[in-house]
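Asker: Below is the file run_20.txt, which contains compact mmCIF, C-alpha atoms.
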```txt
# COMPACT_ATOMS: atom_id res chain seq x y z
CA MET A 1 0.00 0.00 0.00
CA ALA A 2 1.43 3.39 -0.95
CA ASP A 3 2.12 5.91 1.80
CA ALA A 4 -0.15 8.91 1.99
CA PRO A 5 1.55 11.90 0.36
CA ALA A 6 3.23 14.18 2.90
CA GLU A 7 1.47 17.45 3.56
CA THR A 8 3.01 20.45 1.87
CA ASP A 9 4.50 23.27 3.90
CA ASP A 10 1.55 25.48 3.01
CA GLU A 11 -0.95 22.87 4.16
CA LEU A 12 0.87 22.49 7.45
CA LEU A 13 0.99 26.27 7.82
CA LEU A 14 -2.75 26.46 7.27
CA ARG A 15 -3.38 23.92 10.02
CA MET A 16 -0.86 25.68 12.23
CA ARG A 17 -2.73 28.95 11.76
CA SER A 18 -5.86 27.30 13.15
CA GLY A 19 -3.95 26.38 16.30
CA ASP A 20 -2.87 22.84 15.41
CA GLU A 21 0.21 22.20 17.50
CA GLN A 22 1.13 19.01 15.67
CA ALA A 23 1.23 20.91 12.39
CA PHE A 24 3.59 23.46 13.90
CA VAL A 25 5.86 20.72 15.25
CA ALA A 26 5.86 18.92 11.89
CA LEU A 27 6.70 22.11 10.02
CA TYR A 28 9.42 23.05 12.49
CA ARG A 29 11.02 19.62 12.35
CA ARG A 30 10.90 19.59 8.58
CA ARG A 31 12.60 22.95 8.13
CA GLN A 32 14.64 23.73 11.23
CA ALA A 33 17.85 21.88 10.42
CA ALA A 34 18.54 23.59 7.08
CA ILE A 35 17.69 27.03 8.45
CA TYR A 36 19.82 26.43 11.55
CA ARG A 37 22.80 25.29 9.47
CA PHE A 38 22.43 28.28 7.16
CA ALA A 39 22.41 30.58 10.20
CA LEU A 40 25.45 28.73 11.50
CA HIS A 41 27.33 29.11 8.20
CA MET A 42 26.48 32.79 8.11
CA SER A 43 27.16 33.70 11.72
CA GLY A 44 29.87 31.18 12.58
CA SER A 45 28.40 30.96 16.06
CA ALA A 46 26.13 28.27 17.51
CA ALA A 47 24.65 30.71 20.01
CA ALA A 48 23.84 33.22 17.28
CA ALA A 49 22.39 30.47 15.08
CA GLU A 50 20.17 29.36 17.96
CA ASP A 51 18.88 32.89 18.42
CA ILE A 52 18.26 33.18 14.71
CA ILE A 53 16.34 29.91 14.33
CA GLN A 54 14.21 30.88 17.30
CA GLU A 55 13.44 34.31 15.85
CA VAL A 56 12.64 32.84 12.44
CA PHE A 57 9.98 30.51 13.79
CA LEU A 58 8.64 33.06 16.25
CA ALA A 59 8.08 35.30 13.23
CA LEU A 60 6.20 32.47 11.54
CA ILE A 61 4.01 31.98 14.61
CA ARG A 62 2.88 35.59 14.49
CA ASP A 63 -0.30 36.17 12.54
CA ASP A 64 1.19 39.08 10.62
CA CYS A 65 4.34 37.22 9.56
CA GLY A 66 4.03 38.49 5.99
CA TYR A 67 4.50 35.18 4.20
CA ASP A 68 2.85 35.21 0.78
CA PRO A 69 2.75 31.86 -1.11
CA GLU A 70 2.30 33.81 -4.36
CA ARG A 71 5.76 35.31 -4.01
CA GLY A 72 7.79 32.25 -3.10
CA THR A 73 8.02 29.07 -1.07
CA LEU A 74 7.78 28.89 2.68
CA SER A 75 11.30 27.47 2.77
CA GLY A 76 12.57 30.49 0.84
CA TYR A 77 10.67 32.80 3.15
CA LEU A 78 12.26 31.17 6.23
CA PHE A 79 15.75 31.34 4.68
CA GLY A 80 15.09 34.99 3.87
CA ILE A 81 14.28 35.88 7.47
CA ALA A 82 17.28 33.91 8.70
CA ARG A 83 19.51 35.78 6.24
CA LYS A 84 18.27 39.19 7.38
CA LEU A 85 18.76 38.27 11.02
CA ALA A 86 22.21 36.85 10.36
CA LEU A 87 23.32 39.94 8.45
CA ARG A 88 21.98 42.14 11.25
CA GLN A 89 23.92 40.11 13.81
CA LEU A 90 27.09 40.32 11.76
CA ALA A 91 26.71 44.08 11.39
CA ARG A 92 26.21 44.39 15.14
CA ARG A 93 29.20 42.19 15.83
CA ARG A 94 31.41 44.19 13.48
CA THR A 95 30.92 47.21 15.67
CA ASP A 96 32.09 45.26 18.73
CA VAL A 97 34.85 42.87 17.75
CA ALA A 98 36.53 41.60 14.64
CA LEU A 99 34.90 38.59 13.02
CA GLU A 100 36.35 35.23 13.86
CA THR A 101 37.25 33.98 10.43
CA GLY A 102 39.89 31.52 11.41
CA ALA A 103 42.30 33.37 9.15
CA GLY A 104 44.70 33.96 11.99
CA GLU A 105 44.74 30.35 13.13
CA PRO A 106 47.85 28.31 12.43
CA VAL A 107 47.58 26.02 9.44
CA PRO A 108 47.51 22.38 10.52
CA PRO A 109 50.52 20.52 9.09
CA GLU A 110 48.32 18.10 7.16
CA LEU A 111 46.91 21.01 5.18
CA ALA A 112 50.27 22.39 4.11
CA ALA A 113 50.20 20.38 0.92
CA GLY A 114 51.08 21.32 -2.63
CA ALA A 115 49.12 23.87 -4.56
CA ASP A 116 47.42 21.41 -6.85
CA GLN A 117 46.45 18.85 -4.24
CA LEU A 118 42.80 19.80 -3.87
CA ALA A 119 41.58 16.27 -4.36
CA ASP A 120 41.55 15.58 -0.61
CA LEU A 121 38.85 18.16 0.11
CA THR A 122 36.44 15.33 0.71
CA ARG A 123 38.56 14.07 3.62
CA LYS A 124 37.80 15.18 7.15
CA GLU A 125 40.57 17.75 7.41
CA GLY A 126 39.75 19.02 3.94
CA VAL A 127 36.13 19.54 4.98
CA ALA A 128 37.27 21.43 8.08
CA ALA A 129 39.54 23.65 5.98
CA LEU A 130 36.69 24.25 3.58
CA ARG A 131 34.45 25.28 6.42
CA ARG A 132 37.01 27.83 7.56
CA ALA A 133 37.34 29.11 4.04
CA VAL A 134 33.56 29.52 3.71
CA GLN A 135 33.51 31.42 6.99
CA ALA A 136 36.17 33.77 5.67
CA LEU A 137 34.25 34.66 2.52
CA PRO A 138 32.66 38.09 2.27
CA GLU A 139 28.99 37.92 3.30
CA ARG A 140 27.53 38.25 -0.21
CA TYR A 141 29.53 35.23 -1.36
CA ARG A 142 29.20 33.28 1.86
CA GLU A 143 25.42 33.39 1.72
CA VAL A 144 25.22 32.10 -1.83
CA VAL A 145 27.68 29.27 -1.10
CA ALA A 146 25.81 28.36 2.08
CA LEU A 147 22.51 28.28 0.24
CA CYS A 148 23.40 26.69 -3.10
CA ASP A 149 26.42 24.51 -2.34
CA LEU A 150 25.89 23.53 1.28
CA GLU A 151 22.11 23.47 1.58
CA GLU A 152 21.49 22.60 -2.07
CA VAL A 153 18.85 25.26 -2.55
CA ASP A 154 18.13 25.70 -6.26
CA TYR A 155 19.11 28.91 -8.03
CA ALA A 156 15.53 30.17 -8.34
CA GLU A 157 14.84 29.85 -4.63
CA ALA A 158 18.24 31.31 -3.77
CA ALA A 159 17.39 34.28 -5.98
CA PHE A 160 14.14 34.72 -4.03
CA VAL A 161 15.98 34.53 -0.71
CA LEU A 162 18.69 36.97 -1.77
CA GLY A 163 16.33 39.26 -3.65
CA CYS A 164 18.34 39.23 -6.87
CA PRO A 165 18.06 37.72 -10.37
CA VAL A 166 19.05 34.10 -10.98
CA GLY A 167 21.93 35.25 -13.18
CA THR A 168 23.39 37.17 -10.25
CA VAL A 169 23.17 34.04 -8.09
CA ARG A 170 25.10 32.09 -10.71
CA SER A 171 27.79 34.72 -11.17
CA ARG A 172 28.21 35.22 -7.42
CA LEU A 173 28.50 31.48 -6.97
CA HIS A 174 31.24 31.28 -9.61
CA ARG A 175 33.07 34.17 -8.02
CA ALA A 176 32.63 32.64 -4.57
CA ARG A 177 34.10 29.32 -5.73
CA SER A 178 37.10 31.09 -7.19
CA LEU A 179 37.62 32.95 -3.93
CA LEU A 180 37.32 29.68 -2.03
CA LEU A 181 39.95 28.02 -4.19
CA GLU A 182 42.24 30.97 -3.69
CA LYS A 183 41.64 30.84 0.03
CA MET A 184 42.35 27.12 0.14
CA ARG A 185 45.59 27.59 -1.74
CA LYS A 186 46.70 30.28 0.68
CA GLU A 187 45.82 28.09 3.63
CA ARG A 188 47.95 25.34 2.13
CA GLY A 189 50.86 27.73 2.09
CA ALA A 190 51.19 27.94 -1.68
CA GLY A 191 50.28 31.59 -2.08
CA PRO A 192 48.34 32.92 -5.04
CA SER A 193 48.67 30.66 -8.02
CA GLY A 194 49.38 31.84 -11.51
CA ALA A 195 47.60 28.78 -12.81
CA LEU A 196 44.29 29.93 -11.35
CA LYS A 197 42.93 32.39 -13.81
CA PRO A 198 40.34 34.83 -12.55
CA VAL A 199 36.95 33.86 -13.84
CA ARG A 200 34.04 36.13 -14.46
CA CYS A 201 33.81 38.85 -11.87
CA GLU A 202 31.17 41.38 -12.69
CA ILE A 203 29.58 42.03 -9.33
CA MET B 1 35.75 29.11 -28.12
CA THR B 2 38.19 31.33 -26.23
CA CYS B 3 39.01 31.04 -22.52
CA GLN B 4 36.97 34.18 -21.85
CA GLU B 5 33.96 32.78 -23.71
CA PHE B 6 34.31 29.49 -21.87
CA TRP B 7 34.20 31.11 -18.41
CA ASP B 8 31.61 33.70 -19.41
CA ALA B 9 29.27 30.79 -20.04
CA MET B 10 29.70 29.83 -16.35
CA PRO B 11 29.86 26.08 -16.98
CA GLU B 12 28.21 23.84 -14.42
CA LEU B 13 30.61 21.68 -12.47
CA GLU B 14 28.48 18.57 -12.67
CA GLY B 15 27.41 16.73 -15.80
CA GLN B 16 28.86 16.78 -19.26
CA PRO B 17 29.83 20.14 -20.74
CA GLY B 18 28.46 21.13 -24.13
CA ALA B 19 30.37 20.19 -27.27
CA ASP B 20 32.10 23.59 -27.60
CA ALA B 21 33.04 23.67 -23.91
CA ALA B 22 34.32 20.07 -24.01
CA ALA B 23 36.45 20.86 -27.05
CA HIS B 24 37.89 23.92 -25.32
CA LEU B 25 38.65 21.96 -22.15
CA ALA B 26 40.41 19.30 -24.19
CA ALA B 27 42.49 21.90 -26.01
CA CYS B 28 43.27 24.38 -23.18
CA ALA B 29 45.42 22.97 -20.37
CA VAL B 30 44.97 26.04 -18.17
CA CYS B 31 41.15 26.02 -18.31
CA GLY B 32 41.21 22.25 -17.89
CA LYS B 33 43.26 22.63 -14.71
CA VAL B 34 41.06 25.39 -13.30
CA MET B 35 37.95 23.38 -14.13
CA GLY B 36 39.48 20.36 -12.42
CA ASN B 37 40.08 22.43 -9.29
CA GLN B 38 36.54 23.76 -9.39
CA ARG B 39 35.20 20.22 -9.66
CA ALA B 40 37.38 19.13 -6.71
CA LEU B 41 35.95 22.05 -4.77
CA ALA B 42 32.41 21.02 -5.71
CA ALA B 43 33.14 17.47 -4.50
CA GLY B 44 34.52 18.94 -1.26
CA MET B 45 31.36 21.00 -0.88
CA ARG B 46 29.21 17.92 -1.32
CA ALA B 47 31.28 16.11 1.32
CA ALA B 48 31.00 19.12 3.64
CA ALA B 49 27.25 19.31 3.09
CA ALA B 50 26.91 15.59 3.87
CA ASP B 51 29.12 16.00 6.94
CA TRP B 52 26.99 18.88 8.26
CA ARG B 53 23.67 17.28 7.34
CA ARG B 54 23.35 15.86 10.86
CA THR B 55 23.64 19.30 12.44
CA LYS B 56 20.34 20.63 13.71
CA ALA B 57 19.04 23.11 16.24
CA PRO B 58 19.23 22.04 19.92
CA ASN B 59 16.07 20.43 21.29
CA ARG B 60 15.53 23.26 23.75
CA VAL B 61 14.68 25.56 20.83
CA GLU B 62 11.71 23.37 19.92
CA ALA B 63 10.55 23.39 23.55
CA LYS B 64 10.72 27.18 23.71
CA LEU B 65 8.94 27.63 20.40
CA LEU B 66 6.25 25.17 21.39
CA ALA B 67 5.57 27.18 24.53
CA ALA B 68 5.38 30.35 22.47
CA PHE B 69 3.08 28.65 19.98
CA ARG B 70 0.77 27.47 22.74
CA GLY B 71 0.57 30.97 24.14
CA GLN B 72 -0.07 32.46 20.72
CA ALA B 73 -2.56 29.81 19.63
CA GLY B 74 -4.56 30.35 22.80
CA LEU B 75 -4.89 34.00 21.87
CA ALA B 76 -5.44 33.66 18.19
CA ALA B 77 -7.86 30.73 18.19
CA PRO B 78 -11.11 31.72 16.50
CA PRO B 79 -14.26 31.40 18.60
CA PRO B 80 -15.49 27.82 18.18
CA ALA B 81 -18.90 27.08 16.76
CA ARG B 82 -21.41 26.45 19.52
CA ARG B 83 -22.28 22.79 19.68
CA TRP B 84 -23.62 20.75 22.56
CA TRP B 85 -20.28 19.04 23.18
CA THR B 86 -18.34 22.30 23.25
CA THR B 87 -20.67 23.59 25.94
CA ALA B 88 -20.25 20.35 27.89
CA LEU B 89 -16.50 20.56 27.48
CA ALA B 90 -16.47 24.15 28.69
CA TRP B 91 -18.44 23.23 31.80
CA THR B 92 -16.17 20.26 32.48
CA ALA B 93 -13.08 22.44 32.12
CA ALA B 94 -14.57 25.08 34.38
CA ALA B 95 -15.35 22.43 37.00
CA LEU B 96 -11.78 21.11 36.80
CA VAL B 97 -10.36 24.61 37.18
CA VAL B 98 -12.49 25.30 40.24
CA ALA B 99 -11.57 21.93 41.74
CA GLY B 100 -7.87 22.52 41.04
CA ALA B 101 -7.92 26.00 42.55
CA PHE B 102 -9.79 24.66 45.59
CA LEU B 103 -7.26 21.88 46.09
CA LEU B 104 -4.34 24.28 45.72
CA PHE B 105 -5.67 26.66 48.35
CA ALA B 106 -6.85 23.91 50.63
CA THR B 107 -3.40 22.33 50.72
CA ARG B 108 -1.70 25.72 51.21
CA GLY B 109 -4.06 26.41 54.12
CA ARG B 110 -3.24 23.09 55.76
CA GLN B 111 0.47 23.86 55.48
CA THR B 112 0.13 26.94 57.68
CA GLN B 113 -2.10 25.18 60.20
CA ALA B 114 -0.30 21.84 60.46
CA PRO B 115 3.30 22.03 59.30
CA ALA B 116 3.99 18.45 60.43
CA ASN B 117 1.64 17.11 57.79
CA VAL B 118 2.99 18.87 54.69
CA PRO B 119 0.86 18.24 51.61
CA VAL B 120 2.22 17.72 48.14
CA ALA B 121 1.22 21.12 46.74
CA ALA B 122 3.08 22.90 49.49
CA GLU B 123 6.19 20.87 48.83
CA LEU B 124 6.00 21.91 45.21
CA ALA B 125 5.59 25.54 46.11
CA ALA B 126 8.74 25.30 48.20
CA ILE B 127 10.97 24.63 45.18
CA ASP B 128 13.71 27.25 45.03
CA TRP B 129 13.59 28.16 41.36
CA SER B 130 16.52 30.53 41.53
CA ALA B 131 18.66 27.53 42.52
CA ARG B 132 17.22 25.34 39.76
CA LEU B 133 17.44 27.77 36.85
CA PRO B 134 20.61 28.28 34.81
CA ALA B 135 23.04 30.51 36.69
CA GLU B 136 22.85 33.39 34.20
CA LEU B 137 19.06 33.54 34.53
CA ALA B 138 19.10 33.23 38.31
CA ALA B 139 21.65 36.02 38.50
CA GLN B 140 19.17 38.30 36.73
CA GLY B 141 16.57 37.56 39.37
CA ALA B 142 14.67 35.23 37.03
CA GLY B 143 13.98 32.73 39.76
CA GLU B 144 11.79 34.98 41.88
CA GLY B 145 8.04 34.99 42.13
CA PHE B 146 7.29 31.72 40.37
CA ILE B 147 4.22 29.65 41.14
CA THR B 148 5.07 25.98 40.97
CA LEU B 149 2.76 23.92 38.78
CA PRO B 150 1.59 20.44 39.83
CA ASN B 151 3.68 18.59 37.22
CA ALA B 152 6.89 19.85 38.83
CA ASP B 153 6.79 16.82 41.13
CA ARG B 154 8.31 14.81 38.30
CA LEU B 155 11.23 17.21 38.00
CA PRO B 156 14.53 15.31 37.94
CA PRO B 157 17.29 16.91 40.03
CA ASN B 158 19.49 17.92 37.09
CA GLU B 159 16.88 18.71 34.49
CA ASP B 160 17.82 21.37 31.94
CA LEU B 161 15.37 24.22 32.60
CA ASN B 162 14.64 27.32 30.58
CA VAL B 163 12.51 30.38 31.10
CA VAL B 164 10.29 31.43 28.21
CA ARG B 165 8.34 34.67 28.10
CA VAL B 166 4.86 34.30 26.62
CA GLU B 167 1.61 36.22 26.47
CA VAL B 168 -1.53 34.50 27.65
CA PRO B 169 -5.13 35.55 28.18
CA ARG B 170 -5.72 36.94 31.67
CA SER B 171 -8.32 34.19 32.08
CA ALA B 172 -5.43 31.70 32.37
CA MET B 173 -4.65 33.24 35.77
CA ILE B 174 -7.94 31.94 37.19
CA ALA B 175 -6.60 28.40 37.36
CA LEU B 176 -3.84 29.59 39.68
CA GLY B 177 -6.16 31.32 42.10
CA TYR B 178 -6.11 34.86 40.76
CA SER B 179 -9.28 36.85 40.65
CA VAL B 180 -10.15 37.92 37.12
CA THR B 181 -13.23 39.89 36.19
CA ALA B 182 -15.15 38.91 33.08
CA ASP B 183 -14.48 42.20 31.31
CA ARG B 184 -10.72 41.70 31.62
CA ALA B 185 -10.61 37.95 30.92
CA ALA B 186 -9.56 38.44 27.28
CA GLU B 187 -6.72 40.87 28.05
CA ARG B 188 -3.21 39.70 27.35
CA VAL B 189 -0.76 39.39 30.19
CA ARG B 190 2.92 38.59 30.01
CA ALA B 191 4.14 35.54 31.85
CA ASP B 192 7.46 33.81 32.38
CA VAL B 193 7.17 30.02 32.17
CA VAL B 194 9.81 27.61 33.45
CA MET B 195 10.04 24.88 30.83
CA GLY B 196 11.42 21.40 31.33
CA SER B 197 13.42 19.68 28.63
CA ASP B 198 10.23 17.77 27.69
CA GLY B 199 8.52 21.04 26.77
CA LEU B 200 6.15 20.98 29.74
CA ALA B 201 5.68 23.98 31.98
CA ARG B 202 6.99 23.56 35.54
CA ALA B 203 6.28 26.95 37.03
CA VAL B 204 4.86 30.29 36.00
CA ARG B 205 4.90 33.89 37.11
CA PHE B 206 2.74 36.67 35.79
CA LEU B 207 4.40 39.98 35.05
CA ASP B 208 1.25 42.07 34.61
CA GLU B 209 -0.90 41.37 37.59
```
Now that the file is in, can you turn its structure into structure tokens?
Answerer:
Amino acid sequence: MADAPAETDDELLLRMRSGDEQAFVALYRRRQAAIYRFALHMSGSAAAAEDIIQEVFLALIRDDCGYDPERGTLSGYLFGIARKLALRQLARRRTDVALETGAGEPVPPELAAGADQLADLTRKEGVAALRRAVQALPERYREVVALCDLEEVDYAEAAFVLGCPVGTVRSRLHRARSLLLEKMRKERGAGPSGALKPVRCEI
Amino acid sequence: MTCQEFWDAMPELEGQPGADAAAHLAACAVCGKVMGNQRALAAGMRAAAADWRRTKAPNRVEAKLLAAFRGQAGLAAPPPARRWWTTALAWTAAALVVAGAFLLFATRGRQTQAPANVPVAAELAAIDWSARLPAELAAQGAGEGFITLPNADRLPPNEDLNVVRVEVPRSAMIALGYSVTADRAAERVRADVVMGSDGLARAVRFLDE
């Protein structure tokens, strides 16, 4: 016997609006992890990400949350709120202390490999280095990498979240990947590479 | 196809490139190398995404949000259609509230008259919430003025507690022995609720009495 099709986000939201607690719990559990990770990628702080995820869903609980299914998906709407909150937190933090990007941390010996040895990025230490590199990206590139590469949000939804055309998402993503490669090379102690040609950079 | 044209097309890192792009990659060692690095990066990203896929918000966030939802849903619920069973339910609930309030006060009264025979409700009321709450909350005076709820008797000694601020209808205060007039029953009052890790309320204090 086939399983009953899962309720859509909008159906759960409708039930939630009428006070159905189970619908709220189902919606929260379906969406919280991706939003929390996005907040974590953006803020680099578990405490900040926890605040953000809480604020995002508190906003959804409010009757006047402003979500309009005609304009985009609920997931995109939630990512959008999380992004605004994360950017606000980062702006606030900039006024207090310098961002912890990991740039000043010593490079672990296992990462001090040759310039062309990027094949081990799938290994544990490579993943950790990649995470540091993502954290060190400028916000406009970090957010597109976090959305499209790490949370696998499609370009159209990312464009909705970021409030820009799909073409801009694609070009920012290409630029972000180039910056990441450059960052990884620097972390491996090779310095800027002449072999890495700058790709399209029109932002 | 030139190198500039190749990169202007922003080739996807997965799947087969188009015929022109494939021909350029085969002919241009530099673009081939850069593309190889970009593909390695994409593979690293996929590994990172898989590695982080298990990361999720702490459970206490769900408990806090659930408390907020309950408070909000109580306020925003539309008036139910009048049916015979809703009326019966309302009367049953009212009877339970009166019985609960009576029991609470009766046991508190016995505590003052006969301290040797301390009833359960008085034991619950004696919980020192400032000692049980996280240190940073207790330091802000968050532990004062709480009314212990009956389910606090199942509180394990080291349970992770949180305080959540919610808004509830003033009528909710009736169950805890407060006097509320009918014309003010629908007003919103702010309350701090001590939440257990299971999402259940352990104690409450009203900020707008």
Asker: Report, in Å with one decimal, the straight-line distance from atom CA of Val161 of chain A to atom CA of Glu139 of chain A.
Answerer: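 Result for atom CA of Val161 of chain A versus atom CA of Glu139 of chain A: 14.0 Å, one decimal.
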Asker: I'd like to know which of A:Arg172, A:Lys124, A:Arg62, A:Arg30 is closest to Arg140 of chain A, using all atoms listed in the file.
Answerer: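 Going through A:Arg172, A:Lys124, A:Arg62, A:Arg30 one by one, the smallest distance to Arg140 of chain A is for A:Arg172.
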Asker: Restricting the calculation to only C-alpha atoms, which member of A:Ala136, A:Ala86, A:His41, A:Val56 is positioned closest to Asp149 of chain A?
Answerer: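 Checking each of A:Ala136, A:Ala86, A:His41, A:Val56 against Asp149 of chain A, counting only C-alpha atoms, the winner is A:His41.
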Asker: Looking at B:Ala47, B:Ala42, B:Ala73, B:Leu25, which one is nearest to Asp63 of chain A, with distances taken over all atoms listed in the file?
Answerer: B:Ala73
Asker: Would you pick out the contacts of Gly199 of chain B at 8 Å or less, using all atoms listed in the file, so that residues sharing its chain but fewer than 5 positions from it are not included, and give the list as a PyMOL selection string?
Answerer: chain B and resi 60+62-64+66-67
Asker: For the residues in the current selection, export C-alpha atoms as a PDB file, keeping the file's coordinate frame.
Answerer:
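Generated file (out-v9.pdb):
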```
ATOM      1  CA  ARG B  60      15.530  23.260  23.750  1.00  0.00           C
ATOM      2  CA  GLU B  62      11.710  23.370  19.920  1.00  0.00           C
ATOM      3  CA  ALA B  63      10.550  23.390  23.550  1.00  0.00           C
ATOM      4  CA  LYS B  64      10.720  27.180  23.710  1.00  0.00           C
ATOM      5  CA  LEU B  66       6.250  25.170  21.390  1.00  0.00           C
ATOM      6  CA  ALA B  67       5.570  27.180  24.530  1.00  0.00           C
TER       7      ALA B  67
END
```
Asker: Nearest to chain A among B:His24, B:Arg188, B:Arg39, B:Lys56, with distances taken over all atoms listed in the file: which residue is it?
Answerer: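 Using all atoms listed in the file, chain A sits closest to B:Lys56.
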Asker: Step by step: start from the point (22.2, 18.7, 6.3) in the file's coordinates, keep every protein, DNA or RNA residue that has an atom no farther than 8 Å from it, count all atoms listed in the file, and write the set as a PyMOL selection string.
Answerer: (chain A and resi 33-34+37+150-151) or (chain B and resi 49-56)
Asker: If we count all atoms listed in the file, what is near segment 9-18 of chain A at a cut-off of 8 Å, once residues fewer than 6 positions away on the same chain are taken out, given as a VMD selection string?
Answerer: (chain A and resid 24 26 to 27 61 63 69 74) or (chain B and resid 73 77 to 78)
Asker: Calculate how many Å separate atom CA of Leu149 of chain B from atom CA of Gln72 of chain B, rounding to one decimal.
Answerer: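 Computed distance, atom CA of Leu149 of chain B to atom CA of Gln72 of chain B, equals 20.2 Å.
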